[in-house]
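Text of the file work-v3.csv, holding CSV, C-alpha atoms and all ligand atoms:
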```csv
chain,number,residue,atom,x,y,z
A,30,MET,CA,0.0,0.0,0.0
A,31,LEU,CA,1.4,3.4,-1.0
A,32,VAL,CA,-0.2,6.2,1.0
A,33,GLY,CA,-0.4,10.0,0.3
A,34,SER,CA,-2.2,12.9,1.9
A,35,ARG,CA,-5.6,12.3,0.1
A,36,VAL,CA,-5.3,8.9,-1.5
A,37,ARG,CA,-3.7,5.5,-1.2
A,38,LEU,CA,-2.6,3.2,-4.0
A,39,ARG,CA,-3.5,-0.4,-3.6
A,40,ALA,CA,-3.0,-3.4,-5.9
A,41,LEU,CA,-5.5,-4.0,-8.6
A,42,GLU,CA,-7.6,-7.1,-7.9
A,43,VAL,CA,-9.8,-9.2,-10.1
A,44,GLY,CA,-12.8,-7.8,-8.3
A,45,ASP,CA,-11.9,-4.3,-9.6
A,46,TYR,CA,-12.3,-5.2,-13.3
A,47,ALA,CA,-16.0,-4.2,-13.2
A,48,LEU,CA,-14.9,-0.7,-12.1
A,49,LEU,CA,-12.4,-0.5,-15.0
A,50,HIS,CA,-15.2,-1.7,-17.2
A,51,ARG,CA,-17.3,1.2,-16.1
A,52,TRP,CA,-14.6,3.8,-16.5
A,53,LEU,CA,-13.4,2.6,-19.9
A,54,ASN,CA,-16.9,2.8,-21.3
A,55,ASP,CA,-17.7,6.2,-19.9
A,56,ALA,CA,-17.6,8.7,-22.9
A,57,ASN,CA,-16.8,11.6,-20.6
A,58,VAL,CA,-13.7,9.9,-19.2
A,59,MET,CA,-12.7,8.5,-22.5
A,60,GLN,CA,-12.5,11.9,-24.2
A,61,PHE,CA,-9.6,12.7,-22.0
A,62,TRP,CA,-8.1,9.2,-22.4
A,63,GLY,CA,-7.8,9.7,-26.1
A,64,ARG,CA,-10.4,7.1,-26.9
A,65,PRO,CA,-13.6,8.7,-28.0
A,66,GLY,CA,-16.3,6.1,-28.6
A,67,ASN,CA,-14.4,3.5,-26.7
A,68,THR,CA,-16.3,0.3,-26.0
A,69,GLN,CA,-14.6,-2.5,-24.2
A,70,SER,CA,-16.1,-5.7,-22.8
A,71,LEU,CA,-15.3,-7.1,-19.4
A,72,ALA,CA,-13.7,-10.1,-21.1
A,73,GLU,CA,-11.4,-7.8,-23.1
A,74,ILE,CA,-10.4,-5.9,-20.0
A,75,THR,CA,-9.7,-9.1,-18.1
A,76,GLY,CA,-7.5,-10.4,-21.0
A,77,ASP,CA,-5.6,-7.1,-21.1
A,78,GLU,CA,-5.0,-7.1,-17.3
A,79,GLU,CA,-3.9,-10.7,-17.3
A,80,ARG,CA,-1.4,-10.1,-20.1
A,81,ASN,CA,-0.1,-6.9,-18.4
A,82,ALA,CA,0.4,-8.8,-15.1
A,83,LYS,CA,2.4,-11.5,-16.8
A,84,ARG,CA,4.8,-9.0,-18.4
A,85,GLY,CA,6.4,-8.3,-15.1
A,86,ASN,CA,7.7,-4.8,-16.0
A,87,SER,CA,4.5,-2.9,-15.2
A,88,ARG,CA,2.1,-2.5,-12.3
A,89,LYS,CA,-1.4,-1.0,-12.0
A,90,TYR,CA,-2.8,0.3,-8.8
A,91,ILE,CA,-6.3,1.4,-7.8
A,92,ILE,CA,-6.5,4.9,-6.3
A,93,GLU,CA,-8.6,5.0,-3.2
A,94,THR,CA,-9.6,8.1,-1.2
A,95,LEU,CA,-8.4,8.1,2.4
A,96,GLU,CA,-11.6,9.7,3.7
A,97,GLN,CA,-14.2,7.3,2.2
A,98,ASN,CA,-12.0,4.3,1.1
A,99,GLU,CA,-13.7,4.9,-2.3
A,100,ALA,CA,-12.0,3.5,-5.5
A,101,ILE,CA,-11.9,6.5,-7.8
A,102,GLY,CA,-9.3,5.7,-10.4
A,103,GLN,CA,-6.3,3.8,-11.6
A,104,ILE,CA,-2.6,4.6,-12.0
A,105,ASP,CA,0.2,2.5,-13.4
A,106,TYR,CA,3.8,2.4,-14.4
A,107,TYR,CA,4.8,0.3,-17.4
A,108,ASP,CA,7.8,-0.5,-19.7
A,109,LEU,CA,9.9,-0.3,-16.5
A,110,ASP,CA,13.6,-0.7,-17.5
A,111,LEU,CA,15.8,-1.0,-14.5
A,112,VAL,CA,19.0,-1.0,-16.6
A,113,SER,CA,18.2,2.3,-18.3
A,114,ARG,CA,16.4,3.4,-15.1
A,115,ASN,CA,13.2,4.7,-16.7
A,116,CYS,CA,9.5,3.9,-17.1
A,117,TRP,CA,6.3,5.2,-18.5
A,118,THR,CA,3.2,6.1,-16.5
A,119,SER,CA,-0.5,6.9,-16.9
A,120,ILE,CA,-3.3,7.9,-14.7
A,121,MET,CA,-7.1,8.1,-14.8
A,122,ILE,CA,-9.5,9.4,-12.2
A,123,GLY,CA,-12.5,7.4,-13.5
A,124,ASN,CA,-15.0,9.1,-11.3
A,125,PRO,CA,-15.5,12.6,-12.7
A,126,ASP,CA,-16.9,13.8,-9.4
A,127,TYR,CA,-13.3,13.8,-8.1
A,128,TRP,CA,-11.7,15.7,-11.0
A,129,GLY,CA,-10.0,18.9,-9.9
A,130,GLY,CA,-9.9,17.9,-6.3
A,131,GLY,CA,-6.2,17.3,-5.9
A,132,TYR,CA,-6.6,13.5,-5.9
A,133,GLY,CA,-4.8,12.9,-9.2
A,134,THR,CA,-1.8,15.1,-8.2
A,135,ASP,CA,-1.5,13.3,-4.9
A,136,ALA,CA,-1.7,9.8,-6.5
A,137,MET,CA,1.0,10.7,-9.0
A,138,ARG,CA,3.2,12.1,-6.1
A,139,VAL,CA,2.8,8.8,-4.2
A,140,LEU,CA,3.8,6.7,-7.3
A,141,LEU,CA,6.8,8.9,-8.1
A,142,ARG,CA,8.0,8.7,-4.5
A,143,TYR,CA,8.0,4.9,-4.9
A,144,LEU,CA,9.6,4.9,-8.3
A,145,PHE,CA,12.4,7.3,-7.4
A,146,GLY,CA,12.8,6.4,-3.8
A,147,GLN,CA,12.4,2.6,-3.9
A,148,LEU,CA,13.0,1.4,-7.4
A,149,ASP,CA,15.7,3.9,-8.1
A,150,VAL,CA,14.2,5.0,-11.4
A,151,HIS,CA,15.7,8.2,-12.8
A,152,ARG,CA,13.2,9.3,-15.4
A,153,VAL,CA,9.4,8.9,-15.8
A,154,VAL,CA,7.6,9.8,-18.9
A,155,LEU,CA,4.0,10.2,-20.2
A,156,THR,CA,2.0,11.6,-23.0
A,157,THR,CA,-1.2,13.6,-23.0
A,158,HIS,CA,-3.5,15.4,-25.4
A,159,GLU,CA,-2.6,19.0,-26.1
A,160,THR,CA,-6.1,20.0,-25.0
A,161,ASN,CA,-5.9,18.2,-21.7
A,162,VAL,CA,-4.8,21.3,-19.7
A,163,ARG,CA,-6.0,19.9,-16.4
A,164,ALA,CA,-3.7,16.9,-16.7
A,165,GLN,CA,-0.7,19.0,-17.8
A,166,ARG,CA,-1.3,21.3,-14.9
A,167,SER,CA,-1.5,18.4,-12.5
A,168,TYR,CA,1.7,16.7,-13.9
A,169,ALA,CA,3.6,20.0,-13.7
A,170,LYS,CA,2.9,20.2,-10.0
A,171,ASN,CA,5.0,17.0,-9.6
A,172,GLY,CA,7.9,18.4,-11.6
A,173,PHE,CA,6.9,17.1,-15.1
A,174,VAL,CA,8.1,19.3,-17.9
A,175,GLN,CA,7.1,19.4,-21.5
A,176,GLU,CA,9.7,17.7,-23.8
A,177,GLY,CA,8.1,17.9,-27.1
A,178,VAL,CA,5.0,17.9,-29.3
A,179,LEU,CA,3.9,14.8,-31.2
A,180,ARG,CA,2.4,16.1,-34.4
A,181,ASP,CA,-1.0,14.7,-35.4
A,182,TRP,CA,-0.6,12.2,-32.5
A,183,MET,CA,-4.1,10.9,-32.5
A,184,PHE,CA,-7.1,10.9,-34.8
A,185,PHE,CA,-9.8,12.3,-32.4
A,186,ASP,CA,-13.4,12.9,-33.3
A,187,GLY,CA,-12.7,13.7,-36.9
A,188,ALA,CA,-9.5,15.6,-36.6
A,189,TYR,CA,-5.8,15.0,-35.7
A,190,GLN,CA,-4.7,16.2,-32.3
A,191,ALA,CA,-1.2,16.8,-31.1
A,192,GLY,CA,0.3,15.0,-28.1
A,193,ILE,CA,2.4,16.5,-25.5
A,194,ILE,CA,5.3,14.4,-24.1
A,195,MET,CA,6.3,15.2,-20.5
A,196,SER,CA,8.9,13.8,-18.3
A,197,VAL,CA,10.1,14.1,-14.7
A,198,LEU,CA,13.6,13.3,-13.4
A,199,ASP,CA,14.3,12.4,-9.9
A,200,GLU,CA,15.9,15.8,-9.1
A,201,ASP,CA,12.9,17.6,-10.6
A,202,PHE,CA,10.6,15.7,-8.3
A,203,ARG,CA,12.8,16.2,-5.3
A,204,ARG,CA,12.7,19.9,-5.8
A,205,THR,CA,8.8,19.9,-5.8
A,206,GLU,CA,8.9,17.8,-2.6
A,207,GLU,CA,11.2,20.3,-0.9
A,208,GLN,CA,9.1,23.2,-2.1
A,209,SER,CA,5.9,21.7,-0.7
A,210,THR,CA,7.7,20.9,2.7
A,211,SER,CA,9.0,24.4,3.0
A,212,SER,CA,5.7,26.0,2.2
A,213,ARG,CA,3.8,24.1,4.9
B,1,LIG,C1,-5.8,14.3,-15.3
B,1,LIG,C2,-6.2,13.9,-13.8
B,1,LIG,C3,-5.4,12.7,-13.4
B,1,LIG,C4,-5.8,15.1,-12.9
B,1,LIG,O1,-6.2,14.7,-11.6
B,1,LIG,P1,-7.1,15.7,-10.8
B,1,LIG,O2,-7.3,15.2,-9.4
B,1,LIG,O3,-8.3,16.0,-11.6
B,1,LIG,O4,-6.2,17.0,-10.8
B,1,LIG,P2,-5.8,18.0,-9.6
B,1,LIG,O5,-7.0,18.5,-9.0
B,1,LIG,O6,-4.8,17.2,-8.7
B,1,LIG,O7,-5.0,19.1,-10.3
B,1,LIG,C5,-5.5,19.7,-11.5
B,1,LIG,C6,-5.0,21.1,-11.6
B,1,LIG,O8,-5.6,21.7,-12.8
B,1,LIG,C7,-6.5,22.7,-12.5
B,1,LIG,N1,-7.7,22.4,-13.3
B,1,LIG,C8,-8.8,21.8,-12.9
B,1,LIG,N2,-9.7,21.7,-13.9
B,1,LIG,C9,-9.1,22.4,-14.9
B,1,LIG,C10,-9.5,22.7,-16.3
B,1,LIG,N3,-10.7,22.3,-16.7
B,1,LIG,N4,-8.7,23.3,-17.1
B,1,LIG,C11,-7.5,23.7,-16.6
B,1,LIG,N5,-7.0,23.5,-15.4
B,1,LIG,C12,-7.8,22.8,-14.6
B,1,LIG,C13,-6.7,22.6,-11.0
B,1,LIG,O9,-7.1,23.9,-10.5
B,1,LIG,C14,-5.4,22.1,-10.5
B,1,LIG,O10,-4.4,23.1,-10.5
B,1,LIG,P3,-4.2,23.9,-9.1
B,1,LIG,O11,-4.0,23.0,-8.0
B,1,LIG,O12,-2.9,24.7,-9.4
B,1,LIG,O13,-5.4,24.8,-8.9
B,1,LIG,C15,-7.7,13.7,-13.7
B,1,LIG,O14,-8.4,14.9,-14.0
B,1,LIG,C16,-8.2,12.6,-14.8
B,1,LIG,O15,-8.0,11.5,-14.6
B,1,LIG,N6,-9.0,13.1,-15.8
B,1,LIG,C17,-9.6,12.2,-16.7
B,1,LIG,C18,-8.7,11.2,-17.5
B,1,LIG,C19,-7.4,11.9,-17.9
B,1,LIG,O16,-7.4,13.1,-18.3
B,1,LIG,N7,-6.3,11.2,-17.7
B,1,LIG,C20,-5.0,11.7,-18.1
B,1,LIG,C21,-4.7,11.4,-19.5
B,1,LIG,S1,-3.1,11.9,-20.0
```
Would you give me this structure, written as structure tokens?
Amino acid sequence: MLVGSRVRLRALEVGDYALLHRWLNDANVMQFWGRPGNTQSLAEITGDEERNAKRGNSRKYIIETLEQNEAIGQIDYYDLDLVSRNCWTSIMIGNPDYWGGGYGTDAMRVLLRYLFGQLDVHRVVLTTHETNVRAQRSYAKNGFVQEGVLRDWMFFDGAYQAGIIMSVLDEDFRRTEEQSTSSR
């Protein structure tokens, strides 16, 4: 269990697949996930998660609120390379009621503490839609910086949309941790 100030990250269990099924079929959530019109069966989700678990270089967690113990989203790291000391990450608060409430930023902070502090990763990278300003703002609060623009990254509701690639190094993250400690 990885614990922050608003959320904890716990292991994804088979019993959570129904929740993933709900989130991955919610049009409102999927527009930010880059999958407009996404439909995915429970069987497909189960197959994906079983394959991911077998790979051994990724891990998905359920994000739970500390106040209500409510499962509100998922976060993962994947393509972990301990020789090059980097990995990718993604996050989804699947319950829109919790958007903009600081939960996503706290969940990412907790995951980064683990990746940098325990697994000794040096660089963590992600991609997001150029229009997903809330996500970019949240990532920046944990030290992510924009590295580049992926032109016509995704075909999205009839038009191409650019992607933003962002990364955080261990020293960037440490700086944000020091700033938040000194401003308390
Ligand atoms: C992206 C996501 C993880 C961020 O988590 P969150 O809990 O909503 O974000 P937080 O509240 O921690 O931080 C969001 C920041 O953006 C700001 N913000 C909120 N809504 C915004 C909006 N519509 N436009 C711009 N900024 C916004 C907030 O004010 C906050 O900044 P501040 O603390 O400086 O005021 C979450 O919104 C989410 O999962 N959304 C749907 C799926 C998604 O977009 N996943 C990421 C794909 S790359």
Counting all atoms listed in the file, which residue out of A:Gly131, A:Gly177, A:Gly172, A:Gly85 sits closest to ligand LIG 1 (chain B)?
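Of all the options, A:Gly131 lies closest to ligand LIG 1 (chain B).
Nearest-residue note for Pro125 in chain A: choosing from A:Ile101, A:Gln175, A:Ser211, A:Arg80, the minimum distance belongs to A:Ile101, counting all atoms listed in the file.
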Please identify all protein, DNA and RNA residues within 7 Å of ligand LIG 1 (chain B), counting all atoms listed in the file, and report them as an MDAnalysis selection string.
chainID A and resid 58:59 61:62 119:123 127:135 156:158 161:164 166:167
Of the listed residues A:Leu48, A:Ala82, A:Leu144, A:Ile74, that which approaches Gln103 in chain A most closely, counting all atoms listed in the file
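Between A:Leu48, A:Ala82, A:Leu144, A:Ile74, the residue approaching Gln103 in chain A most closely is A:Leu48.
Of the residues under consideration (A:Val178, A:Arg51, A:Lys170, A:Val43), A:Arg51 shows the shortest atom-to-atom contact distance to Gly102 in chain A when counting all atoms listed in the file.
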Atom pair CA of Met195 in chain A + CA of Gln165 in chain A, distance 8.4 Å
Counting all atoms listed in the file, what is within 8 Å of Cys116 in chain A, bar same-chain residues fewer than 4 positions away, as a ChimeraX atom specification?
/A:106-110,150,152-154
Shortest interatomic distance to Leu49 in chain A - which of A:Met30, A:Leu95, A:Ala100, A:Leu179, counting all atoms listed in the file:
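Selected residue with least distance to Leu49 in chain A: A:Ala100.
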Taking all atoms listed in the file into account, name the residue in A:Arg180, A:Leu155, A:His50, A:Asn171 that is nearest to Arg204 in chain A.
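Closest candidate: A:Asn171.
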Residues near Val139 in chain A, cut-off 9 Å, all atoms listed in the file, skip fewer than 6 positions along chain, as a PyMOL selection string:
chain A and resi 31-34+36-38
Just to be explicit: take each residue in the selection above, keep C-alpha atoms, and write the result as a PDB file, in the coordinates of the input.
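Output saved as out-v1.pdb:
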```
ATOM      1  CA  LEU A  31       1.400   3.400  -1.000  1.00  0.00           C
ATOM      2  CA  VAL A  32      -0.200   6.200   1.000  1.00  0.00           C
ATOM      3  CA  GLY A  33      -0.400  10.000   0.300  1.00  0.00           C
ATOM      4  CA  SER A  34      -2.200  12.900   1.900  1.00  0.00           C
ATOM      5  CA  VAL A  36      -5.300   8.900  -1.500  1.00  0.00           C
ATOM      6  CA  ARG A  37      -3.700   5.500  -1.200  1.00  0.00           C
ATOM      7  CA  LEU A  38      -2.600   3.200  -4.000  1.00  0.00           C
TER       8      LEU A  38
END
```
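Between CA of Thr75 in chain A and CA of Leu53 in chain A lies a distance of 12.4 Å.
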Between CA of Asn54 in chain A and CA of Leu41 in chain A, what distance in Å does the model show, to one decimal?
18.4 Å
